[in-house]
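Q: The structure is given below, and queries will be raised subsequently.
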Amino acid sequence: MSYRAPVADIAFALKYAAGFKAALAEGLYGDLDEATVDSVLEEAGRFAADVIAPLNRVGDKFGTPFKDGNVTTPPGWKQAYTSWAAAGWNGLAAPAEFGGQDLPQAVNAACIEMWNAASMAFGIGPVLTIAAIDALHAYGSDELKQRYLGKLVSGEWMGTMQLTEPQAGSDVGALRTRAAPAADGSYRITGSKIFITYGEHDLTSNIIHFVLARLPDAPPGTKGISLFLVPKFLPDGTRNDVRAHSVEHKLGIHASPTCTMVYGDKGGAVGFLVGEKHKGMAAMFTMMNRARLAVGLSGVAIAERATQQALAYARERKQGSAGAIVHYPDVKRMLLTMRALTAAARAICYATAVAIDRSLREKTEAARQAAHERASLLTPVAKAFSTDIGIEVASLGVQVHGGMGYVEETGAAQHYRDARIAAIYEGTNGIQALDLVTRKVPLEGGETVALYVDELRRTVQAVKASNAPALGHTGAQLTEAVDSLDRATQWLLAQKGSQAALAGATPYLRLFGNAAGGCMLAEQALAALRDSADGAARVALARFFAENVAVQASGLERSVTEGAASILGAQAALAE
Ligand SMILES: Cc1cc2nc3c(=O)[nH]c(=O)nc-3n(C[C@H](O)[C@H](O)[C@H](O)COP(=O)(O)OP(=O)(O)OC[C@H]3O[C@@H](n4cnc5c(N)ncnc54)[C@H](O)[C@@H]3O)c2cc1C
């Protein structure tokens with residue numbers, strides 16, 4: 001089924017739920033205006049729907065055949081990528097001094113959603129290049145920036161991100177790839193990496209690998225990791241000593257090549273240090289945070305795609321007395337759940353992008369720092385909540401199709417298969433929850449999260465003050481959800497990273513997403529009641545979310561604060 005970019009919904013969520021309109025009005029983005037943003041979104045939507053989306057099925061079937069160290073991408077893939085890069089989409093939010101357009105990360109986030117909705121296997125490739133640009137720009141030497149940034153920004157070359165090794169997955173500190181200093185100031189890299197997205201392909205003439213490795217004098221663990229830029233082809237045009245050894249066969253995103261990479265068959269690949277020795281994790285975190293938001297957006301994307309497809313099917317499929325199945329309450333429930341969860345995840349991701357923009361563009365250091373903390377707090381939620389939603393919504397999409405969802409013909413099954421990876425890569429969702437609970441909630445002694453909860457409360461007050469009958473019990477249900485989030489947060493802060501806190505991390509992240517998502521949908525509904533002639537759908541969605549999803553908050557709160565004993569003390573239930 002085709003994809004229609006929901007540009008009006010995207011623009012509305014960006015402006016009202018994520019605070020982009022207010023940021024524009026404050027002058028955060030200089031003289032950028034709404035009309036320009038709208039036309040960028042329109043154009044991106046057209047490109048995604050017309051050029052990328054038709055390749056999604058082809059990519060799923062063709063995969064990425066591997067022969068003699070080379071990967072062949074599916075028919076049409078290279079032309080689509082080349083025209084996508086030529087249109088300037090890769091450098092949308094990249095620095096102007098290296099050929100980018102310096103547009104807001106928030107606008108780029110909306111576009112990333114559309115590329116991924118059109119095809120997740122296509123969308124994930126450029127995400128890594130965009131993340132690499134940020135890390136190189138922030139940490140690279142002037143020489144490396146001059147040599148590589150221009151071509152990464154234009155998309156003439158693509159980047160990869162290489163952490164994972166067989167013994168080092170979530171535990172990045174266990175990695176063993178080595179880097180030895182060479183006489184000319186560069187390094188020689190030896191070792192291997194697994195599961196590397198777009199590690200090898202035929203889309204671009206060069207591939208720039210960003211590789212984590214250890215120097216000979218490195219301390220153990222993550223404090224002894226350095227980041228190296230390792231080009232497939234060296235500046236003098238010779239082939240570097242790095243190759244793809246194989247490509248994985250996997251559940252979904254078949255057109256995204258997932259490669260095992262080997263370094264140093266001939267003595268060591270030439271690598272260039274990015275940032276300081278042993279401090280590679282700081283640079284990699286810059287890259288990972290961008291990529292984590294982008295992966296969250298891919299969750300939104302697949303949810304949107306699955307929802308469009310399920311709704312179209314439900315309007316057509318006739319069963320029983322009601323005619324089309326869309327009229328049955330249970331099918332309506334599924335479709336509304338899909339729509340509401342998608343909209344909530346979208347709002348959270350866009351709000352994270354606006355926080356990133358503020359962290360880069362606010363006028364004072366204090367305001368930039370506060371925005372940085374807000375972005376840090378929201379990033380694990382954007383990643384994990386949205387990708388969980390991607391899977392749940394794609395699963396509901398299969399269910400709405402009945403048997404036709406389980407067979408491959410309709411494409412609903414592909415969305416479900418594709419969605420699954422997003423909860424695993426860029427740090428599993430379990431690791432995101434740990435990050436939220438052990439590092440982000442305690443930021444500034446809990447002040448960052450407290451400020452955020454206060455903001456949610458202000459939204460709830462505004463909903464109550466609106467007295468809008470169409471919002472039903474939204475105000476009351478969101479009050480309870482935010483109260484639950486507040487109490488669970490206080491409990492976690494008092495736990496100071498105990499085993500009990502870790503046991504409750506995943507339900508806490510979900511509770512956070514439900515409360516925040518519910519409030520953001522309510523913000524949109526209030527804006528729709530105020531400013532928009534066709535606000536009924538947004539109001540209905542906010543109400544549905546509050547009365548059917550946000551109400552899970554009290555159960556989630558109890559899982560966080562009372563569930564640990566039955567997890568930590570339940571060895572018997574897991575014994576062989
Ligand atoms: C298709 C695909 C593409 C990928 N692309 C890339 C890429 O481009 N670059 C790259 O570097 N890597 C990539 N990866 C690797 C990916 O990031 C890892 O698979 C992921 O981080 C998880 O690591 P792991 O597979 O070793 O799982 P493990 O770390 O073994 O985790 C297994 C389970 O244990 C849990 N777990 C592990 N440690 C803890 C802990 N301390 N506390 C609580 N729970 C824990 C996890 O949440 C998970 O549920 C890719 C993987 C796939 C499948």
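Chain labels follow the order of the structure tokens: the first chain is A, the next B, and so on; residue numbering restarts at 1 in every chain, and ligands are counted from 1 in their shown order.
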Need to verify the contact set: Leu41 of chain A, 8 Å, only C-alpha atoms, exclusion of same-chain residues closer than 6 positions in sequence. Can you return it as a PDB file with C-alpha atoms, in the first residue's frame?
A:
ATOM      1  CA  VAL A   7       2.081  16.769   6.491  1.00  0.00           C
ATOM      2  CA  ALA A  11       3.187  20.423  11.082  1.00  0.00           C
ATOM      3  CA  VAL A 107      12.314  20.292  11.003  1.00  0.00           C
ATOM      4  CA  ALA A 110       9.875  15.690  10.923  1.00  0.00           C
ATOM      5  CA  CYS A 111      11.632  14.844   7.666  1.00  0.00           C
TER       6      CYS A 111
END
Q: Could you list, as an MDAnalysis selection string, every residue within 12 Å of Asp102 of chain A, counting only C-alpha atoms and ignoring same-chain residues fewer than 6 positions away?
A: chainID A and resid 29:30 32 88:96 108 153 357 360:361
Q: Report the closest atom pair, with its distance in Å rounded to one decimal, for each residue of chain A that has an atom no farther than 6 Å from ligand 1; count only C-alpha atoms and all ligand atoms, sort by chain and then rising residue number, and write it as a tab-separated table.
A:
residue	atom	partner	partner_atom_place_in_ligand_line	distance
A:Met161	CA	ligand 1	9 (N)	4.9
A:Gln162	CA	ligand 1	11 (O)	3.9
A:Leu163	CA	ligand 1	11 (O)	3.5
A:Thr164	CA	ligand 1	11 (O)	3.9
A:Gly169	CA	ligand 1	26 (O)	3.1
A:Ser170	CA	ligand 1	29 (O)	3.6
A:Phe195	CA	ligand 1	50 (C)	4.4
A:Ile196	CA	ligand 1	8 (O)	3.8
A:Thr197	CA	ligand 1	8 (O)	3.7
A:Thr258	CA	ligand 1	3 (C)	5.6
A:Ile424	CA	ligand 1	20 (C)	5.5
A:Tyr425	CA	ligand 1	17 (O)	3.8
A:Glu426	CA	ligand 1	17 (O)	4.8
A:Gly427	CA	ligand 1	21 (O)	4.3
A:Thr428	CA	ligand 1	47 (O)	4.8
A:Gly430	CA	ligand 1	47 (O)	4.3
A:Ile431	CA	ligand 1	47 (O)	5.3
Q: Quick one: residues within 9 Å of Arg420 of chain A, only C-alpha atoms counted, chain neighbours fewer than 3 positions away excluded, as a PyMOL selection string?
A: chain A and resi 251-252+387-388+390-391+415-417+423-424
Q: Restricted to N, CA and C atoms, what would the selected residues look like written as a PDB file, in the first residue's frame?
A:
ATOM      1  N   LEU A 251      15.193 -10.554  10.453  1.00  0.00           N
ATOM      2  CA  LEU A 251      13.719 -10.532  10.497  1.00  0.00           C
ATOM      3  C   LEU A 251      13.125  -9.440   9.602  1.00  0.00           C
ATOM      4  N   GLY A 252      13.698  -8.255   9.667  1.00  0.00           N
ATOM      5  CA  GLY A 252      13.128  -7.132   8.906  1.00  0.00           C
ATOM      6  C   GLY A 252      14.208  -6.242   8.341  1.00  0.00           C
ATOM      7  N   THR A 387       9.720   3.517  19.943  1.00  0.00           N
ATOM      8  CA  THR A 387       9.969   2.268  19.223  1.00  0.00           C
ATOM      9  C   THR A 387       9.108   1.129  19.787  1.00  0.00           C
ATOM     10  N   ASP A 388       8.797   1.181  21.080  1.00  0.00           N
ATOM     11  CA  ASP A 388       7.822   0.212  21.610  1.00  0.00           C
ATOM     12  C   ASP A 388       6.467   0.436  20.940  1.00  0.00           C
ATOM     13  N   GLY A 390       6.010   1.722  18.027  1.00  0.00           N
ATOM     14  CA  GLY A 390       6.126   1.252  16.635  1.00  0.00           C
ATOM     15  C   GLY A 390       5.747  -0.226  16.529  1.00  0.00           C
ATOM     16  N   ILE A 391       6.266  -1.018  17.473  1.00  0.00           N
ATOM     17  CA  ILE A 391       5.991  -2.466  17.441  1.00  0.00           C
ATOM     18  C   ILE A 391       4.518  -2.737  17.766  1.00  0.00           C
ATOM     19  N   HIS A 415       5.662  -4.298   7.922  1.00  0.00           N
ATOM     20  CA  HIS A 415       5.803  -3.227   8.920  1.00  0.00           C
ATOM     21  C   HIS A 415       6.123  -3.821  10.296  1.00  0.00           C
ATOM     22  N   TYR A 416       5.442  -4.916  10.613  1.00  0.00           N
ATOM     23  CA  TYR A 416       5.651  -5.569  11.916  1.00  0.00           C
ATOM     24  C   TYR A 416       7.090  -6.106  12.014  1.00  0.00           C
ATOM     25  N   ARG A 417       7.549  -6.723  10.937  1.00  0.00           N
ATOM     26  CA  ARG A 417       8.921  -7.259  10.954  1.00  0.00           C
ATOM     27  C   ARG A 417       9.934  -6.113  11.028  1.00  0.00           C
ATOM     28  N   ALA A 423      13.612  -1.336  18.660  1.00  0.00           N
ATOM     29  CA  ALA A 423      13.694  -1.447  20.123  1.00  0.00           C
ATOM     30  C   ALA A 423      15.017  -2.063  20.569  1.00  0.00           C
ATOM     31  N   ILE A 424      15.802  -2.537  19.598  1.00  0.00           N
ATOM     32  CA  ILE A 424      17.057  -3.227  19.931  1.00  0.00           C
ATOM     33  C   ILE A 424      18.275  -2.356  19.631  1.00  0.00           C
TER      34      ILE A 424
END
Q: Using only C-alpha atoms, what does the table of segment 250-313 of chain A residues within 12 Å of segment 215-218 of chain A look like, with each row giving the shortest atom pair and its distance in Å to one decimal, sorted by chain and ascending number, as CSV?
A:
residue,atom,partner,partner_atom,distance
A:Gly271,CA,A:Leu215,CA,11.9
A:Leu273,CA,A:Leu215,CA,10.5
A:Glu276,CA,A:Leu215,CA,11.5
A:Lys277,CA,A:Leu215,CA,7.9
A:His278,CA,A:Ala218,CA,6.5
A:Lys279,CA,A:Ala218,CA,10.1
A:Gly280,CA,A:Leu215,CA,10.9
Q: I need the chosen residues saved as a PDB file, in the first residue's frame, with C-alpha atoms.
A:
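Written output follows (part.pdb):
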ATOM      1  CA  GLY A 271      42.423   5.589  11.189  1.00  0.00           C
ATOM      2  CA  LEU A 273      41.645  10.070  15.996  1.00  0.00           C
ATOM      3  CA  GLU A 276      40.912  13.151  22.625  1.00  0.00           C
ATOM      4  CA  LYS A 277      42.596   9.833  23.353  1.00  0.00           C
ATOM      5  CA  HIS A 278      40.504   7.601  25.677  1.00  0.00           C
ATOM      6  CA  LYS A 279      37.593  10.053  25.485  1.00  0.00           C
ATOM      7  CA  GLY A 280      35.854   8.499  22.504  1.00  0.00           C
TER       8      GLY A 280
END
Q: Report the distance between atom CA of Asp435 of chain A and atom CA of Cys519 of chain A in Å, rounded to one decimal place.
A: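 Here the two named atoms are 22.9 Å from each other.
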